[in-house]
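Colleague: Next comes the structure file upload_20.cif, holding mmCIF, C-alpha atoms and all ligand atoms.
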data_input
#
loop_
_atom_site.label_atom_id
_atom_site.label_comp_id
_atom_site.auth_asym_id
_atom_site.auth_seq_id
_atom_site.Cartn_x
_atom_site.Cartn_y
_atom_site.Cartn_z
CA MET A 1 -3.13 10.94 -21.39
CA LYS A 2 -6.44 11.72 -19.68
CA PHE A 3 -7.12 9.69 -16.53
CA GLU A 4 -10.54 8.11 -17.10
CA LYS A 5 -11.11 6.19 -13.86
CA LYS A 6 -13.75 7.43 -11.39
CA ASP A 7 -12.32 5.36 -8.51
CA ILE A 8 -9.11 3.63 -7.39
CA LEU A 9 -10.28 0.27 -6.08
CA GLY A 10 -7.35 -2.02 -6.83
CA ILE A 11 -4.22 -2.46 -8.90
CA LYS A 12 -5.94 -5.33 -10.69
CA GLU A 13 -8.19 -2.79 -12.47
CA LEU A 14 -5.34 -0.46 -13.56
CA THR A 15 -3.58 -0.66 -16.91
CA VAL A 16 0.19 -0.27 -17.30
CA ASP A 17 -0.42 3.15 -18.89
CA GLU A 18 -2.54 4.24 -15.94
CA ILE A 19 0.10 3.04 -13.46
CA ASN A 20 2.79 4.90 -15.39
CA LEU A 21 0.67 8.08 -15.44
CA ILE A 22 0.11 7.88 -11.66
CA LEU A 23 3.82 7.27 -10.98
CA GLU A 24 4.94 10.10 -13.29
CA THR A 25 2.42 12.49 -11.74
CA ALA A 26 3.60 11.47 -8.25
CA GLU A 27 7.24 12.03 -9.25
CA SER A 28 6.35 15.55 -10.40
CA PHE A 29 4.67 16.25 -7.03
CA LEU A 30 7.65 15.12 -4.90
CA GLU A 31 9.24 18.53 -5.10
CA ILE A 32 6.26 20.30 -3.51
CA SER A 33 6.97 18.57 -0.20
CA THR A 34 10.51 20.03 -0.15
CA ARG A 35 9.39 23.65 -0.53
CA GLU A 36 9.38 26.08 2.36
CA ILE A 37 5.67 26.59 1.76
CA LYS A 38 4.45 23.08 0.98
CA LYS A 39 1.21 24.00 -0.73
CA VAL A 40 -0.18 24.51 -4.23
CA PRO A 41 -3.71 25.73 -5.02
CA THR A 42 -4.60 22.85 -7.37
CA MET A 43 -7.48 21.42 -5.32
CA ARG A 44 -8.76 24.64 -3.75
CA GLY A 45 -12.51 24.30 -3.16
CA LYS A 46 -12.44 20.48 -3.26
CA SER A 47 -12.96 18.28 -0.22
CA VAL A 48 -11.67 14.85 0.71
CA ILE A 49 -13.12 12.63 3.45
CA ASN A 50 -10.86 9.98 5.01
CA LEU A 51 -13.20 7.31 6.40
CA PHE A 52 -11.18 4.78 8.39
CA TYR A 53 -12.79 1.70 9.96
CA GLU A 54 -9.35 0.26 10.82
CA ALA A 55 -6.27 1.68 12.51
CA SER A 56 -3.73 3.53 10.39
CA THR A 57 -0.75 5.81 10.86
CA ARG A 58 0.88 6.12 7.44
CA THR A 59 -2.05 5.86 5.04
CA ARG A 60 -4.44 8.17 6.84
CA THR A 61 -1.83 10.79 7.69
CA SER A 62 -0.40 10.84 4.18
CA PHE A 63 -3.85 11.18 2.58
CA GLU A 64 -4.53 14.11 4.90
CA ILE A 65 -1.16 15.73 4.15
CA ALA A 66 -1.60 15.04 0.42
CA GLY A 67 -4.97 16.77 0.37
CA LYS A 68 -3.69 19.72 2.39
CA ARG A 69 -0.62 20.18 0.19
CA LEU A 70 -3.01 20.47 -2.77
CA SER A 71 -5.20 22.96 -0.80
CA ALA A 72 -8.18 20.58 -0.52
CA ASP A 73 -10.26 20.56 2.64
CA THR A 74 -9.58 17.22 4.35
CA ILE A 75 -11.84 15.64 6.94
CA ASN A 76 -10.88 12.54 8.97
CA ILE A 77 -13.47 10.15 10.35
CA SER A 78 -12.53 7.21 12.56
CA ALA A 79 -15.22 4.59 12.94
CA SER A 80 -14.45 4.37 16.66
CA THR A 81 -15.41 8.03 17.26
CA SER A 82 -18.29 8.20 14.75
CA SER A 83 -21.93 7.11 14.78
CA VAL A 84 -20.73 3.68 13.64
CA VAL A 85 -20.45 2.89 17.36
CA LYS A 86 -24.21 3.67 17.63
CA GLY A 87 -24.90 1.02 15.01
CA GLU A 88 -25.01 3.07 11.79
CA THR A 89 -24.32 0.90 8.75
CA LEU A 90 -21.58 1.55 6.20
CA ILE A 91 -24.19 2.33 3.55
CA ASP A 92 -26.03 4.83 5.77
CA THR A 93 -22.74 6.42 6.79
CA ALA A 94 -21.70 6.72 3.15
CA ARG A 95 -25.07 8.15 2.03
CA ASN A 96 -24.87 10.80 4.76
CA LEU A 97 -21.32 11.74 3.77
CA GLU A 98 -22.42 11.91 0.12
CA ALA A 99 -25.14 14.40 1.12
CA MET A 100 -22.38 16.78 2.29
CA ASN A 101 -20.99 16.73 -1.26
CA PRO A 102 -17.30 15.89 -0.88
CA ASP A 103 -15.28 15.21 -4.03
CA VAL A 104 -13.35 12.14 -2.89
CA ILE A 105 -13.94 9.54 -0.16
CA VAL A 106 -10.95 7.49 0.99
CA ILE A 107 -12.02 4.34 2.81
CA ARG A 108 -10.22 1.66 4.82
CA HIS A 109 -12.40 -1.23 5.96
CA SER A 110 -11.88 -4.74 7.31
CA ALA A 111 -14.34 -6.15 4.75
CA ALA A 112 -12.95 -6.98 1.32
CA GLY A 113 -15.09 -5.20 -1.28
CA ALA A 114 -16.34 -2.35 0.96
CA PRO A 115 -14.79 0.36 -1.29
CA HIS A 116 -16.25 -1.36 -4.38
CA MET A 117 -19.72 -1.22 -2.85
CA LEU A 118 -19.37 2.52 -2.15
CA ALA A 119 -18.03 3.13 -5.67
CA LYS A 120 -21.21 1.64 -7.13
CA LEU A 121 -23.46 3.53 -4.75
CA LEU A 122 -21.97 7.02 -4.62
CA ARG A 123 -21.26 9.64 -7.26
CA GLN A 124 -18.00 10.64 -5.51
CA SER A 125 -14.61 9.16 -6.37
CA ILE A 126 -13.70 6.35 -3.96
CA ILE A 127 -10.12 5.41 -3.09
CA ASN A 128 -9.43 2.05 -1.47
CA ALA A 129 -7.05 2.62 1.46
CA GLY A 130 -7.05 -1.12 2.26
CA ASP A 131 -10.00 -3.55 2.24
CA GLY A 132 -9.55 -6.62 4.42
CA ALA A 133 -6.97 -9.00 2.98
CA HIS A 134 -7.93 -7.99 -0.56
CA GLU A 135 -6.02 -4.93 -1.91
CA HIS A 136 -4.07 -1.88 -0.76
CA PRO A 137 -3.53 -0.17 -4.11
CA THR A 138 -1.99 3.07 -2.87
CA GLN A 139 0.66 1.10 -0.93
CA ALA A 140 1.60 -0.85 -4.08
CA LEU A 141 1.81 2.38 -6.08
CA LEU A 142 4.16 3.98 -3.55
CA ASP A 143 6.17 0.75 -3.47
CA MET A 144 6.49 0.76 -7.27
CA MET A 145 7.45 4.45 -7.19
CA THR A 146 10.18 3.69 -4.63
CA ILE A 147 11.56 0.76 -6.63
CA LYS A 148 11.62 2.90 -9.79
CA GLU A 149 13.31 5.75 -7.88
CA LYS A 150 16.04 3.51 -6.41
CA LYS A 151 16.58 1.11 -9.32
CA GLY A 152 15.64 3.26 -12.31
CA ARG A 153 13.18 0.64 -13.56
CA ILE A 154 10.83 -2.12 -12.47
CA ALA A 155 10.90 -4.43 -15.50
CA GLY A 156 13.36 -7.31 -15.20
CA LEU A 157 13.95 -6.95 -11.44
CA LYS A 158 13.62 -9.86 -9.05
CA VAL A 159 11.35 -8.84 -6.18
CA ALA A 160 11.01 -11.21 -3.20
CA ILE A 161 7.94 -10.70 -1.00
CA VAL A 162 8.29 -12.53 2.31
CA GLY A 163 5.96 -13.29 5.20
CA ASP A 164 2.25 -13.52 5.81
CA ILE A 165 1.16 -13.51 2.16
CA MET A 166 -2.22 -15.05 2.99
CA HIS A 167 -3.50 -12.06 4.97
CA SER A 168 -1.59 -9.33 3.16
CA ARG A 169 -3.46 -6.88 0.94
CA VAL A 170 -0.07 -5.25 0.34
CA ALA A 171 1.26 -8.49 -1.16
CA ARG A 172 -1.77 -8.97 -3.40
CA SER A 173 -1.64 -5.42 -4.78
CA ASN A 174 2.11 -5.62 -5.30
CA ILE A 175 1.84 -8.98 -7.09
CA TYR A 176 -0.65 -7.43 -9.53
CA GLY A 177 1.35 -4.24 -9.97
CA LEU A 178 4.89 -5.55 -10.14
CA SER A 179 3.90 -8.38 -12.51
CA LYS A 180 2.13 -5.90 -14.83
CA MET A 181 5.24 -3.71 -14.80
CA GLY A 182 7.48 -6.64 -15.81
CA ALA A 183 9.17 -7.64 -12.55
CA LYS A 184 9.77 -11.26 -11.56
CA VAL A 185 7.88 -11.75 -8.30
CA VAL A 186 8.96 -14.48 -5.86
CA LEU A 187 7.07 -15.21 -2.65
CA ALA A 188 8.18 -16.91 0.56
CA GLY A 189 6.42 -17.76 3.79
CA PRO A 190 5.35 -20.69 5.94
CA ALA A 191 2.99 -22.99 4.02
CA THR A 192 0.17 -21.92 6.35
CA MET A 193 0.64 -18.29 5.24
CA LEU A 194 0.62 -18.99 1.50
CA PRO A 195 -2.79 -18.94 -0.22
CA ARG A 196 -3.61 -22.10 -2.15
CA ASN A 197 -3.01 -21.75 -5.93
CA ILE A 198 -1.18 -18.43 -5.51
CA GLU A 199 1.12 -19.60 -8.36
CA GLN A 200 -1.79 -18.85 -10.69
CA MET A 201 -0.99 -15.16 -10.19
CA GLY A 202 2.25 -15.77 -12.12
CA VAL A 203 4.60 -15.84 -9.13
CA VAL A 204 7.26 -18.31 -7.97
CA VAL A 205 6.61 -19.66 -4.47
CA HIS A 206 9.06 -20.90 -1.81
CA THR A 207 8.53 -21.96 1.77
CA ASN A 208 11.90 -20.73 2.89
CA LEU A 209 13.28 -17.23 2.98
CA GLU A 210 16.76 -18.06 1.74
CA ASP A 211 15.57 -19.64 -1.54
CA ALA A 212 13.43 -16.60 -2.29
CA ILE A 213 15.98 -13.87 -1.69
CA ILE A 214 18.89 -15.37 -3.66
CA ASP A 215 19.99 -12.66 -6.14
CA ALA A 216 16.96 -10.50 -5.34
CA ASP A 217 17.09 -6.83 -6.35
CA VAL A 218 14.31 -5.98 -3.91
CA VAL A 219 13.25 -7.73 -0.70
CA MET A 220 9.85 -6.71 0.66
CA MET A 221 9.14 -7.98 4.18
CA LEU A 222 5.57 -8.21 5.43
CA ARG A 223 4.09 -7.84 8.88
CA ILE A 224 2.36 -10.83 10.44
CA GLN A 225 -1.30 -9.79 10.38
CA LEU A 226 -2.34 -11.17 13.77
CA GLU A 227 -5.60 -9.17 13.58
CA ARG A 228 -6.71 -11.18 10.50
CA GLN A 229 -5.70 -14.64 11.75
CA ASN A 230 -8.58 -16.49 13.39
CA GLN A 231 -6.42 -19.43 14.39
CA SER A 232 -2.77 -19.91 15.23
CA ILE A 233 -0.96 -20.63 11.98
CA PHE A 234 2.55 -20.70 13.41
CA PRO A 235 3.92 -22.02 16.70
CA SER A 236 5.33 -18.76 18.12
CA LEU A 237 6.75 -15.41 17.07
CA ARG A 238 10.16 -16.66 18.21
CA GLU A 239 10.01 -19.68 15.94
CA TYR A 240 8.69 -17.55 13.05
CA SER A 241 11.58 -15.13 13.40
CA GLN A 242 14.14 -17.94 13.44
CA HIS A 243 13.05 -18.91 9.92
CA TYR A 244 11.66 -15.74 8.32
CA CYS A 245 13.43 -12.74 9.85
CA LEU A 246 15.60 -10.82 7.39
CA ASN A 247 18.95 -10.30 9.08
CA ARG A 248 22.59 -9.40 8.42
CA THR A 249 23.46 -13.02 7.54
CA ASN A 250 20.70 -14.08 5.16
CA ILE A 251 20.59 -10.73 3.34
CA GLN A 252 24.04 -11.64 1.92
CA LEU A 253 22.21 -14.02 -0.45
CA ALA A 254 20.52 -11.09 -2.22
CA LYS A 255 22.26 -8.83 -4.71
CA LYS A 256 24.90 -6.50 -3.22
CA ASP A 257 22.78 -3.45 -4.03
CA VAL A 258 19.52 -4.97 -2.77
CA ILE A 259 16.92 -2.60 -1.38
CA VAL A 260 14.81 -3.65 1.62
CA MET A 261 11.19 -2.56 1.87
CA HIS A 262 8.46 -2.88 4.48
CA PRO A 263 4.99 -1.30 4.36
CA GLY A 264 4.96 -0.74 8.14
CA PRO A 265 4.22 -1.01 10.94
CA ILE A 266 7.32 -3.11 11.61
CA ASN A 267 7.54 -5.88 14.19
CA ARG A 268 11.23 -5.36 14.93
CA GLY A 269 13.08 -8.63 15.41
CA VAL A 270 10.15 -10.68 14.08
CA GLU A 271 10.14 -10.14 10.28
CA ILE A 272 13.15 -7.82 10.07
CA SER A 273 16.11 -7.24 12.35
CA PRO A 274 16.45 -3.66 13.63
CA ASP A 275 19.95 -3.23 12.16
CA ILE A 276 18.61 -4.01 8.64
CA ALA A 277 15.48 -1.87 9.07
CA ASP A 278 17.63 1.08 10.14
CA ASP A 279 20.52 0.57 7.68
CA PRO A 280 20.47 3.47 5.19
CA SER A 281 22.65 1.48 2.76
CA CYS A 282 19.77 -0.92 2.03
CA SER A 283 16.58 0.08 3.85
CA VAL A 284 14.22 2.33 1.89
CA ILE A 285 11.37 2.06 4.39
CA LEU A 286 11.15 5.79 5.12
CA ASP A 287 11.51 6.61 1.40
CA GLN A 288 8.36 4.54 0.91
CA VAL A 289 6.58 6.73 3.45
CA ASN A 290 7.82 9.92 1.78
CA ASN A 291 6.69 8.68 -1.64
CA GLY A 292 3.31 7.77 -0.14
CA VAL A 293 2.44 11.45 0.17
CA ALA A 294 3.32 12.10 -3.49
CA VAL A 295 1.38 9.07 -4.74
CA ARG A 296 -1.71 10.12 -2.80
CA MET A 297 -1.38 13.69 -4.08
CA ALA A 298 -1.23 12.28 -7.62
CA LEU A 299 -4.36 10.17 -7.11
CA LEU A 300 -6.39 13.03 -5.61
CA TYR A 301 -5.25 15.29 -8.45
CA LEU A 302 -6.01 12.79 -11.22
CA LEU A 303 -9.39 11.73 -9.84
CA THR A 304 -10.56 15.32 -9.55
CA GLY A 305 -9.69 16.05 -13.17
CA GLY A 306 -6.33 17.70 -12.54
CA ASN A 307 -4.73 16.58 -15.80
CA GLU A 308 -7.65 17.30 -18.10
N1 LIG B 1 1.33 0.68 5.28
C1 LIG B 1 0.20 0.99 5.91
O1 LIG B 1 -0.93 0.79 5.38
O2 LIG B 1 0.38 1.54 7.14
P1 LIG B 1 -0.80 2.06 8.09
O3 LIG B 1 -1.60 0.86 8.50
O4 LIG B 1 -0.14 2.75 9.25
O5 LIG B 1 -1.66 2.99 7.28
#
Starting from the coordinates I provided, produce the structure as structure tokens.
Modeller:
Amino acid sequence: MKFEKKDILGIKELTVDEINLILETAESFLEISTREIKKVPTMRGKSVINLFYEASTRTRTSFEIAGKRLSADTINISASTSSVVKGETLIDTARNLEAMNPDVIVIRHSAAGAPHMLAKLLRQSIINAGDGAHEHPTQALLDMMTIKEKKGRIAGLKVAIVGDIMHSRVARSNIYGLSKMGAKVVLAGPATMLPRNIEQMGVVVHTNLEDAIIDADVVMMLRIQLERQNQSIFPSLREYSQHYCLNRTNIQLAKKDVIVMHPGPINRGVEISPDIADDPSCSVILDQVNNGVAVRMALLYLLTGGNE
């Protein structure tokens, strides 16, 4: 199958066939990262700009590593050390980057829709590395890859997503992706962290953690997005953790072979207890990070015509 998309803006826009192609391509790239010389010449002569207006450890580093493992030239731009601080607009910044003729621009921005605007404006492929509380498609793809790797399938699994759903682009992208791939998605969080009418996305909603994780195959815990909350929507972190922290006791409600996921960064002891986060018998958090490199390699490869 030829990959026809110019950009990766959200999981909402991807078909099941496209998701499967990305995951299969990523699976085939996993092995490159285990070689002594972790490099193939596939993207030699291509360049990738990582344009980050928000903080990132995992996404930015893995895009850079992904590009380098495919022999692309990778350039990182942080808004805080660029001419953005002198008042340059996103559009002017993008136009100037376009003039240098890169092949792919990866953008993270606090405004929902920023990558979509660039995709319309620029001839380069745009990858959304997280836009506000809207979507984080590459995170959902690496999450789906990890579930498939650990469980052998996605269809028919019960996946509980717990925490600050309202402000989570990870939750939104995973709801689109996991539902398309046939999983049963169940959400839980305080009522103030659940978007109104979220049931219309085809999910089951609970306001308590225990109800959501009963018999779950996968439990995905979310970080409280304090940077996106403009008012206090819960009394205190201590109170939040008393009700919504995944721990050794409540995890017993899930299936015996449950896997525990978290997109990172983790607030240890707030949404997940350290002994669960670090327990190799259930936590797949670092497998998610490892798969993130392969997924981003696959996207760079497919968008630059690698499988034509
Ligand atoms: N999961 C994720 O997006 O992590 P970073 O913010 O560190 O990129």
Colleague: Which distance in Å separates atom CA of Lys38 of chain A and atom C1 of ligand LIG 1 (chain B), to one decimal?
Modeller: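 That distance, rounded to one decimal, is 23.0 Å.
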Colleague: Can I get the residues close to ligand LIG 1 (chain B) as a list in words, where close means within 6 Å and we count only C-alpha atoms and all ligand atoms?
Modeller: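 My answer, listing the contacting residues, is Ser56, Thr57, Arg58, Thr59, Arg60, Pro263, Gly264 and Pro265 of chain A.
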Colleague: Taking all atoms listed in the file into account, produce a table as CSV in which each residue of segment 65-156 of chain A with an atom at most 12 Å from an atom of segment 297-300 of chain A appears once, together with its shortest atom pair and the distance in Å to one decimal, ordered by chain and rising number.
Modeller:
residue,atom,partner,partner_atom,distance
A:Ile65,CA,A:Met297,CA,8.5
A:Ala66,CA,A:Met297,CA,4.7
A:Gly67,CA,A:Met297,CA,6.5
A:Lys68,CA,A:Met297,CA,9.1
A:Arg69,CA,A:Met297,CA,7.8
A:Leu70,CA,A:Met297,CA,7.1
A:Ser71,CA,A:Met297,CA,10.5
A:Ala72,CA,A:Leu300,CA,9.3
A:Asp73,CA,A:Leu300,CA,11.8
A:Thr74,CA,A:Leu300,CA,11.3
A:Asp103,CA,A:Leu300,CA,9.3
A:Val104,CA,A:Leu300,CA,7.5
A:Ile105,CA,A:Leu300,CA,9.9
A:Val106,CA,A:Leu300,CA,9.7
A:Gln124,CA,A:Leu300,CA,11.9
A:Ser125,CA,A:Leu300,CA,9.1
A:Ile126,CA,A:Leu300,CA,10.0
A:Ile127,CA,A:Leu299,CA,8.5
A:Asn128,CA,A:Leu299,CA,11.1
A:Ala129,CA,A:Leu299,CA,11.7
A:Pro137,CA,A:Leu299,CA,10.8
A:Thr138,CA,A:Leu299,CA,8.6
A:Leu141,CA,A:Leu299,CA,10.0
A:Leu142,CA,A:Ala298,CA,10.7
A:Met145,CA,A:Ala298,CA,11.7
Colleague: Quick one: residues within 7 Å of Lys184 of chain A, all atoms listed in the file counted, chain neighbours fewer than 6 positions away excluded, as a VMD selection string?
Modeller: chain A and resid 156 to 159
Colleague: I want to know what sits within 7 Å of segment 266-278 of chain A, based on only C-alpha atoms, with residues of the same chain fewer than 5 positions away left out; could you give that as a PyMOL selection string?
Modeller: chain A and resi 221-223+237+241+244-248+283
Colleague: For the residues in the current selection, export C-alpha atoms as a short mmCIF file (atom, residue, chain, number, x, y, z; two decimals), in the frame of the given file.
Modeller:
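Just written: result28.cif:
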data_model
loop_
_atom_site.label_atom_id
_atom_site.label_comp_id
_atom_site.auth_asym_id
_atom_site.auth_seq_id
_atom_site.Cartn_x
_atom_site.Cartn_y
_atom_site.Cartn_z
CA MET A 221 9.14 -7.98 4.18
CA LEU A 222 5.57 -8.21 5.43
CA ARG A 223 4.09 -7.84 8.88
CA LEU A 237 6.75 -15.41 17.07
CA SER A 241 11.58 -15.13 13.40
CA TYR A 244 11.66 -15.74 8.32
CA CYS A 245 13.43 -12.74 9.85
CA LEU A 246 15.60 -10.82 7.39
CA ASN A 247 18.95 -10.30 9.08
CA ARG A 248 22.59 -9.40 8.42
CA SER A 283 16.58 0.08 3.85
#
Colleague: Using all atoms listed in the file, which of A:Ile233, A:Met144, A:Leu90, A:Met43 sits nearest Ala26 of chain A?
Modeller: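 Of all the options, A:Met144 lies closest to Ala26 of chain A.
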Colleague: So which one's closest to His134 of chain A, A:Leu303, A:Leu226, A:Leu97, A:Leu9? Using only C-alpha atoms, please.
Modeller: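 Among the listed residues, the smallest separation from His134 of chain A belongs to A:Leu9.
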Colleague: Choose the residue, out of A:Leu187, A:Ala254, A:Ala155, A:Ala140, that has the smallest atom-to-atom separation from Asn174 of chain A; count all atoms listed in the file.
Modeller: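 Result for the nearest residue to Asn174 of chain A: A:Ala140.
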Colleague: Env of Pro190 of chain A: 9 Å cut, atoms = only C-alpha atoms, seq-sep filter 5 positions within chain, self excluded. Answer as a PyMOL selection string.
Modeller: chain A and resi 163-164+206-208+233-234+240+243-244
Colleague: Please report the interatomic distance between atom CA of His116 of chain A and atom CA of Gly45 of chain A in Å with one decimal.
Modeller: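 One can read the atom CA of His116 of chain A to atom CA of Gly45 of chain A distance as 26.0 Å.
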Colleague: Given the point (8.0, -1.2, -1.4) in the file's coordinates, find the residues that have an atom at most 12 Å from it, counting all atoms listed in the file, and give them as a VMD selection string.
Modeller: chain A and resid 137 to 151 154 159 to 162 170 to 171 173 to 175 177 to 178 217 to 222 259 to 264 283 to 292
Colleague: The selected residues should be written to file as a JSON list (two decimals), in the coordinates of the input (atoms: C-alpha atoms).
Modeller:
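Written output follows (result-v8.json):
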[["chain", "number", "residue", "atom", "x", "y", "z"],
["A", 137, "PRO", "CA", -3.53, -0.17, -4.11],
["A", 138, "THR", "CA", -1.99, 3.07, -2.87],
["A", 139, "GLN", "CA", 0.66, 1.10, -0.93],
["A", 140, "ALA", "CA", 1.60, -0.85, -4.08],
["A", 141, "LEU", "CA", 1.81, 2.38, -6.08],
["A", 142, "LEU", "CA", 4.16, 3.98, -3.55],
["A", 143, "ASP", "CA", 6.17, 0.75, -3.47],
["A", 144, "MET", "CA", 6.49, 0.76, -7.27],
["A", 145, "MET", "CA", 7.45, 4.45, -7.19],
["A", 146, "THR", "CA", 10.18, 3.69, -4.63],
["A", 147, "ILE", "CA", 11.56, 0.76, -6.63],
["A", 148, "LYS", "CA", 11.62, 2.90, -9.79],
["A", 149, "GLU", "CA", 13.31, 5.75, -7.88],
["A", 150, "LYS", "CA", 16.04, 3.51, -6.41],
["A", 151, "LYS", "CA", 16.58, 1.11, -9.32],
["A", 154, "ILE", "CA", 10.83, -2.12, -12.47],
["A", 159, "VAL", "CA", 11.35, -8.84, -6.18],
["A", 160, "ALA", "CA", 11.01, -11.21, -3.20],
["A", 161, "ILE", "CA", 7.94, -10.70, -1.00],
["A", 162, "VAL", "CA", 8.29, -12.53, 2.31],
["A", 170, "VAL", "CA", -0.07, -5.25, 0.34],
["A", 171, "ALA", "CA", 1.26, -8.49, -1.16],
["A", 173, "SER", "CA", -1.64, -5.42, -4.78],
["A", 174, "ASN", "CA", 2.11, -5.62, -5.30],
["A", 175, "ILE", "CA", 1.84, -8.98, -7.09],
["A", 177, "GLY", "CA", 1.35, -4.24, -9.97],
["A", 178, "LEU", "CA", 4.89, -5.55, -10.14],
["A", 217, "ASP", "CA", 17.09, -6.83, -6.35],
["A", 218, "VAL", "CA", 14.31, -5.98, -3.91],
["A", 219, "VAL", "CA", 13.25, -7.73, -0.70],
["A", 220, "MET", "CA", 9.85, -6.71, 0.66],
["A", 221, "MET", "CA", 9.14, -7.98, 4.18],
["A", 222, "LEU", "CA", 5.57, -8.21, 5.43],
["A", 259, "ILE", "CA", 16.92, -2.60, -1.38],
["A", 260, "VAL", "CA", 14.81, -3.65, 1.62],
["A", 261, "MET", "CA", 11.19, -2.56, 1.87],
["A", 262, "HIS", "CA", 8.46, -2.88, 4.48],
["A", 263, "PRO", "CA", 4.99, -1.30, 4.36],
["A", 264, "GLY", "CA", 4.96, -0.74, 8.14],
["A", 283, "SER", "CA", 16.58, 0.08, 3.85],
["A", 284, "VAL", "CA", 14.22, 2.33, 1.89],
["A", 285, "ILE", "CA", 11.37, 2.06, 4.39],
["A", 286, "LEU", "CA", 11.15, 5.79, 5.12],
["A", 287, "ASP", "CA", 11.51, 6.61, 1.40],
["A", 288, "GLN", "CA", 8.36, 4.54, 0.91],
["A", 289, "VAL", "CA", 6.58, 6.73, 3.45],
["A", 290, "ASN", "CA", 7.82, 9.92, 1.78],
["A", 291, "ASN", "CA", 6.69, 8.68, -1.64],
["A", 292, "GLY", "CA", 3.31, 7.77, -0.14]]
Colleague: Can you tell me how far atom CA of Phe3 of chain A sits from atom CA of Met201 of chain A, in Å to one decimal?
Modeller: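 So the two atoms, atom CA of Phe3 of chain A and atom CA of Met201 of chain A, lie 26.4 Å apart.
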Colleague: Closest to Arg153 of chain A among A:Leu253, A:Tyr53, A:Leu23, A:Pro41, using all atoms listed in the file?
Modeller: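 Closest candidate: A:Leu23.
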Colleague: Around the point (-15.3, -6.3, 3.7) (coordinates from the file), which residues reach within 10 Å if we count all atoms listed in the file? Answer as a ChimeraX atom specification.
Modeller: /A:108-117,130-134
Colleague: Selected residues, C-alpha atoms, written as an mmCIF file, in the frame of the given file, please.
Modeller:
data_model
loop_
_atom_site.group_PDB
_atom_site.id
_atom_site.type_symbol
_atom_site.label_atom_id
_atom_site.label_comp_id
_atom_site.auth_asym_id
_atom_site.auth_seq_id
_atom_site.Cartn_x
_atom_site.Cartn_y
_atom_site.Cartn_z
ATOM 1 C CA ARG A 108 -10.220 1.660 4.820
ATOM 2 C CA HIS A 109 -12.400 -1.230 5.960
ATOM 3 C CA SER A 110 -11.880 -4.740 7.310
ATOM 4 C CA ALA A 111 -14.340 -6.150 4.750
ATOM 5 C CA ALA A 112 -12.950 -6.980 1.320
ATOM 6 C CA GLY A 113 -15.090 -5.200 -1.280
ATOM 7 C CA ALA A 114 -16.340 -2.350 0.960
ATOM 8 C CA PRO A 115 -14.790 0.360 -1.290
ATOM 9 C CA HIS A 116 -16.250 -1.360 -4.380
ATOM 10 C CA MET A 117 -19.720 -1.220 -2.850
ATOM 11 C CA GLY A 130 -7.050 -1.120 2.260
ATOM 12 C CA ASP A 131 -10.000 -3.550 2.240
ATOM 13 C CA GLY A 132 -9.550 -6.620 4.420
ATOM 14 C CA ALA A 133 -6.970 -9.000 2.980
ATOM 15 C CA HIS A 134 -7.930 -7.990 -0.560
#
Colleague: Go through A:Leu209, A:Pro102, A:Tyr176, A:Val258 one by one, measure the shortest atom-to-atom distance of each to Asp279 of chain A using only C-alpha atoms, and give the residue with the smallest value.
Modeller: A:Val258
Colleague: Measuring atom to atom with only C-alpha atoms, identify which of A:Gln225, A:Ser28, A:Ser62, A:Thr304 is nearest to Lys6 of chain A.
Modeller: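 The answer is A:Thr304, which sits nearest to Lys6 of chain A.
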